[in-house]
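S.K.: First the structure, then my questions, so here it is.
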Amino acid sequence: MPRRERSLEGVLRAAEDVLRANRVDHVFVGGVTVLAFGMPRTTTDVDVIAVIDARKIPKIVTGFQRAGFFASAQDMHDALVGSTYRIDLVPSSTAAHRETLKTKRRIAWRGRRLPMAAPEHTIVMKLRWGSDQDLEDALAIYLRQKEELDVRTMKAFARRQGVSRELEDLTERASNLS
């Protein structure tokens, strides 16, 4: 009998279990944060920013391998493929990554509390990346979370990321839709 393909939820649970078991400070970003804070959409990967102590790499790799993923100690940041979905594990090597970890939120999602990038952070980073899908995601999160957003913090982060004008445009677009 062929092995049943894992769901996005299964991949997310496996990633959380491995990282938590190895006491890796991490935060989920990207498509799963759009699902948590914005509108439903398709995604085939689980993006994670993590503080990885080089001495823990072998244990983390082993944990992912035991969970049924391909994992390589030589290239941990590559996609760890186990199904249609994949886990992109990125070291927290930039100031924006470190801020993501610092401002993460624990979100109840399908029976678990997962560390997710804050909606303010996700909106700004989506504006910075700037693809059509990113801009759509940013707008969806803004519209769904607008009453809860820390606008001052978001504006300050947008300034540091060089996307203040883009945030102003998004805010205006959102007000025209409301």
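The way I read the labels, and the way they are meant: chains A, B, ... in the order of the structure tokens, residue 1 as the first residue of every chain, and ligand 1 as the first ligand shown, with later ones counted on from there.
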Residues of segment 89-128 of chain A that have any atom at most 10 Å from an atom of segment 9-23 of chain A: could you tabulate them with the shortest-distance atom pair and the distance in Å to one decimal, using only C-alpha atoms, ordered by chain and increasing number, as CSV?
M.R.:
```
residue,atom,partner,partner_atom,distance
A:Leu89,CA,A:Ala15,CA,9.5
A:Trp109,CA,A:Glu9,CA,9.4
A:Arg110,CA,A:Glu9,CA,8.1
A:Arg112,CA,A:Arg13,CA,8.4
A:Arg113,CA,A:Glu16,CA,9.6
A:Leu114,CA,A:Glu16,CA,7.4
A:Pro115,CA,A:Glu16,CA,8.9
```
S.K.: Could the residues in this selection be written to a file with C-alpha atoms, as a PDB file, in the first residue's frame?
M.R.:
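Wrote it out as selection24.pdb, contents follow:
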```pdb
ATOM      1  CA  LEU A  89      14.443  26.134   7.719  1.00  0.00           C
ATOM      2  CA  TRP A 109      -3.903  26.694  15.573  1.00  0.00           C
ATOM      3  CA  ARG A 110      -5.683  23.376  15.139  1.00  0.00           C
ATOM      4  CA  ARG A 112      -1.673  23.528  19.242  1.00  0.00           C
ATOM      5  CA  ARG A 113       0.034  26.755  20.278  1.00  0.00           C
ATOM      6  CA  LEU A 114       2.546  27.612  17.581  1.00  0.00           C
ATOM      7  CA  PRO A 115       5.032  30.485  17.384  1.00  0.00           C
TER       8      PRO A 115
END
```
S.K.: Can you list, as JSON, numbers by chain, all residues belonging to chain A that DSSP tags as strand (DSSP E or B)?
M.R.: {"A": [25, 26, 27, 28, 29, 45, 46, 47, 48, 49, 50, 51, 80, 81, 86, 87, 88, 89, 90, 91, 105, 106, 107, 108, 109, 112, 113, 114, 115, 116]}
S.K.: Those residues you just picked out, can you put them in a file as a PDB file, in the first residue's frame with C-alpha atoms?
M.R.:
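The resulting result.pdb:
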```pdb
ATOM      1  CA  ASP A  25      13.983  29.110  19.273  1.00  0.00           C
ATOM      2  CA  HIS A  26      11.886  29.379  16.121  1.00  0.00           C
ATOM      3  CA  VAL A  27       8.997  31.158  14.467  1.00  0.00           C
ATOM      4  CA  PHE A  28       6.773  30.146  11.556  1.00  0.00           C
ATOM      5  CA  VAL A  29       6.578  32.725   8.781  1.00  0.00           C
ATOM      6  CA  ASP A  45       5.825  24.821   2.304  1.00  0.00           C
ATOM      7  CA  VAL A  46       6.347  25.615   5.947  1.00  0.00           C
ATOM      8  CA  ASP A  47       8.790  28.495   6.383  1.00  0.00           C
ATOM      9  CA  VAL A  48      10.626  28.682   9.693  1.00  0.00           C
ATOM     10  CA  ILE A  49      13.208  31.101  11.036  1.00  0.00           C
ATOM     11  CA  ALA A  50      15.289  29.483  13.751  1.00  0.00           C
ATOM     12  CA  VAL A  51      18.234  30.144  16.036  1.00  0.00           C
ATOM     13  CA  LEU A  80      13.439  19.249   3.862  1.00  0.00           C
ATOM     14  CA  VAL A  81      11.197  17.249   1.544  1.00  0.00           C
ATOM     15  CA  ARG A  86       8.297  21.032   2.522  1.00  0.00           C
ATOM     16  CA  ILE A  87       9.957  22.789   5.415  1.00  0.00           C
ATOM     17  CA  ASP A  88      12.309  25.656   4.621  1.00  0.00           C
ATOM     18  CA  LEU A  89      14.443  26.134   7.719  1.00  0.00           C
ATOM     19  CA  VAL A  90      16.407  29.403   7.683  1.00  0.00           C
ATOM     20  CA  PRO A  91      18.977  30.474  10.277  1.00  0.00           C
ATOM     21  CA  ARG A 105       3.140  35.398  18.884  1.00  0.00           C
ATOM     22  CA  ARG A 106       1.897  32.048  20.213  1.00  0.00           C
ATOM     23  CA  ILE A 107      -1.213  31.266  18.212  1.00  0.00           C
ATOM     24  CA  ALA A 108      -3.733  28.522  18.876  1.00  0.00           C
ATOM     25  CA  TRP A 109      -3.903  26.694  15.573  1.00  0.00           C
ATOM     26  CA  ARG A 112      -1.673  23.528  19.242  1.00  0.00           C
ATOM     27  CA  ARG A 113       0.034  26.755  20.278  1.00  0.00           C
ATOM     28  CA  LEU A 114       2.546  27.612  17.581  1.00  0.00           C
ATOM     29  CA  PRO A 115       5.032  30.485  17.384  1.00  0.00           C
ATOM     30  CA  MET A 116       3.996  32.630  14.418  1.00  0.00           C
TER      31      MET A 116
END
```
S.K.: Identify, with DSSP run on backbone atoms, the residues in segment 6-157 of chain A assigned to alpha helix (DSSP H), and express the list as a PDB file with C-alpha atoms, in the first residue's frame.
M.R.:
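Dumped everything to states_35.pdb:
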```pdb
ATOM      1  CA  LEU A   8       0.151  20.691   5.677  1.00  0.00           C
ATOM      2  CA  GLU A   9      -1.083  20.333   9.263  1.00  0.00           C
ATOM      3  CA  GLY A  10       0.964  17.134   9.650  1.00  0.00           C
ATOM      4  CA  VAL A  11       4.102  18.794   8.316  1.00  0.00           C
ATOM      5  CA  LEU A  12       3.593  21.789  10.601  1.00  0.00           C
ATOM      6  CA  ARG A  13       3.091  19.519  13.630  1.00  0.00           C
ATOM      7  CA  ALA A  14       6.199  17.484  12.774  1.00  0.00           C
ATOM      8  CA  ALA A  15       8.331  20.616  12.380  1.00  0.00           C
ATOM      9  CA  GLU A  16       7.070  22.027  15.680  1.00  0.00           C
ATOM     10  CA  ASP A  17       7.699  18.714  17.473  1.00  0.00           C
ATOM     11  CA  VAL A  18      11.284  18.381  16.199  1.00  0.00           C
ATOM     12  CA  LEU A  19      12.209  21.997  16.878  1.00  0.00           C
ATOM     13  CA  ARG A  20      10.564  22.086  20.297  1.00  0.00           C
ATOM     14  CA  ALA A  21      12.168  18.756  21.310  1.00  0.00           C
ATOM     15  CA  GLY A  31       2.156  31.131   4.050  1.00  0.00           C
ATOM     16  CA  VAL A  32       1.228  29.586   7.395  1.00  0.00           C
ATOM     17  CA  THR A  33       1.103  33.044   9.004  1.00  0.00           C
ATOM     18  CA  VAL A  34      -1.165  34.181   6.189  1.00  0.00           C
ATOM     19  CA  LEU A  35      -3.425  31.221   7.039  1.00  0.00           C
ATOM     20  CA  ALA A  36      -3.325  32.159  10.735  1.00  0.00           C
ATOM     21  CA  PHE A  37      -3.860  35.926  10.346  1.00  0.00           C
ATOM     22  CA  ILE A  57      22.388  20.282  13.897  1.00  0.00           C
ATOM     23  CA  PRO A  58      22.978  16.512  14.042  1.00  0.00           C
ATOM     24  CA  LYS A  59      20.131  16.041  16.560  1.00  0.00           C
ATOM     25  CA  ILE A  60      17.790  18.277  14.574  1.00  0.00           C
ATOM     26  CA  VAL A  61      18.614  16.457  11.337  1.00  0.00           C
ATOM     27  CA  THR A  62      18.031  13.108  13.066  1.00  0.00           C
ATOM     28  CA  GLY A  63      14.710  14.382  14.425  1.00  0.00           C
ATOM     29  CA  PHE A  64      13.536  15.399  10.964  1.00  0.00           C
ATOM     30  CA  GLN A  65      14.751  12.118   9.489  1.00  0.00           C
ATOM     31  CA  ARG A  66      12.841  10.151  12.142  1.00  0.00           C
ATOM     32  CA  ALA A  95      18.207  41.831  11.835  1.00  0.00           C
ATOM     33  CA  ALA A  96      14.743  41.241  10.314  1.00  0.00           C
ATOM     34  CA  HIS A  97      14.946  37.541  11.258  1.00  0.00           C
ATOM     35  CA  ARG A  98      15.954  38.375  14.814  1.00  0.00           C
ATOM     36  CA  GLU A  99      13.089  40.846  15.068  1.00  0.00           C
ATOM     37  CA  THR A 100      10.702  38.158  13.820  1.00  0.00           C
ATOM     38  CA  LEU A 101      11.797  35.896  16.661  1.00  0.00           C
ATOM     39  CA  LYS A 102      11.581  38.713  19.208  1.00  0.00           C
ATOM     40  CA  PRO A 119       0.878  40.088  11.674  1.00  0.00           C
ATOM     41  CA  GLU A 120       2.567  43.517  11.682  1.00  0.00           C
ATOM     42  CA  HIS A 121       5.888  41.904  10.842  1.00  0.00           C
ATOM     43  CA  THR A 122       4.367  39.655   8.182  1.00  0.00           C
ATOM     44  CA  ILE A 123       2.634  42.591   6.477  1.00  0.00           C
ATOM     45  CA  VAL A 124       5.866  44.603   6.311  1.00  0.00           C
ATOM     46  CA  MET A 125       7.945  41.679   5.043  1.00  0.00           C
ATOM     47  CA  LYS A 126       5.316  40.862   2.405  1.00  0.00           C
ATOM     48  CA  LEU A 127       5.506  44.484   1.252  1.00  0.00           C
ATOM     49  CA  ARG A 128       9.289  44.238   1.137  1.00  0.00           C
ATOM     50  CA  TRP A 129       9.253  41.049  -0.962  1.00  0.00           C
ATOM     51  CA  ASP A 132       1.672  39.970  -6.467  1.00  0.00           C
ATOM     52  CA  GLN A 133       0.953  37.112  -4.026  1.00  0.00           C
ATOM     53  CA  ASP A 134       2.871  38.886  -1.235  1.00  0.00           C
ATOM     54  CA  LEU A 135       0.884  42.094  -1.742  1.00  0.00           C
ATOM     55  CA  GLU A 136      -2.385  40.157  -1.765  1.00  0.00           C
ATOM     56  CA  ASP A 137      -1.343  38.373   1.444  1.00  0.00           C
ATOM     57  CA  ALA A 138      -0.385  41.672   3.120  1.00  0.00           C
ATOM     58  CA  LEU A 139      -3.756  43.185   2.253  1.00  0.00           C
ATOM     59  CA  ALA A 140      -5.647  40.125   3.494  1.00  0.00           C
ATOM     60  CA  ILE A 141      -3.816  40.153   6.829  1.00  0.00           C
ATOM     61  CA  TYR A 142      -4.301  43.919   7.177  1.00  0.00           C
ATOM     62  CA  LEU A 143      -8.039  43.693   6.485  1.00  0.00           C
ATOM     63  CA  ARG A 144      -8.588  40.765   8.841  1.00  0.00           C
ATOM     64  CA  GLN A 145      -6.386  42.092  11.669  1.00  0.00           C
ATOM     65  CA  VAL A 151       0.184  50.388  13.869  1.00  0.00           C
ATOM     66  CA  ARG A 152       3.007  52.352  15.509  1.00  0.00           C
ATOM     67  CA  THR A 153       5.237  49.272  15.704  1.00  0.00           C
ATOM     68  CA  MET A 154       4.329  48.294  12.137  1.00  0.00           C
ATOM     69  CA  LYS A 155       5.161  51.773  10.801  1.00  0.00           C
ATOM     70  CA  ALA A 156       8.511  51.794  12.619  1.00  0.00           C
ATOM     71  CA  PHE A 157       9.400  48.366  11.214  1.00  0.00           C
TER      72      PHE A 157
END
```
S.K.: Figure out the distance between atom CA of Thr94 of chain A and atom CA of Thr171 of chain A, please, to one decimal in Å.
M.R.: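 Atom-to-atom, atom CA of Thr171 of chain A and atom CA of Thr94 of chain A are spaced 26.7 Å apart.
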S.K.: Record the distance separating atom CA of Ser92 of chain A and atom CA of Ile52 of chain A, expressed in Å with one decimal.
M.R.: 7.9 Å
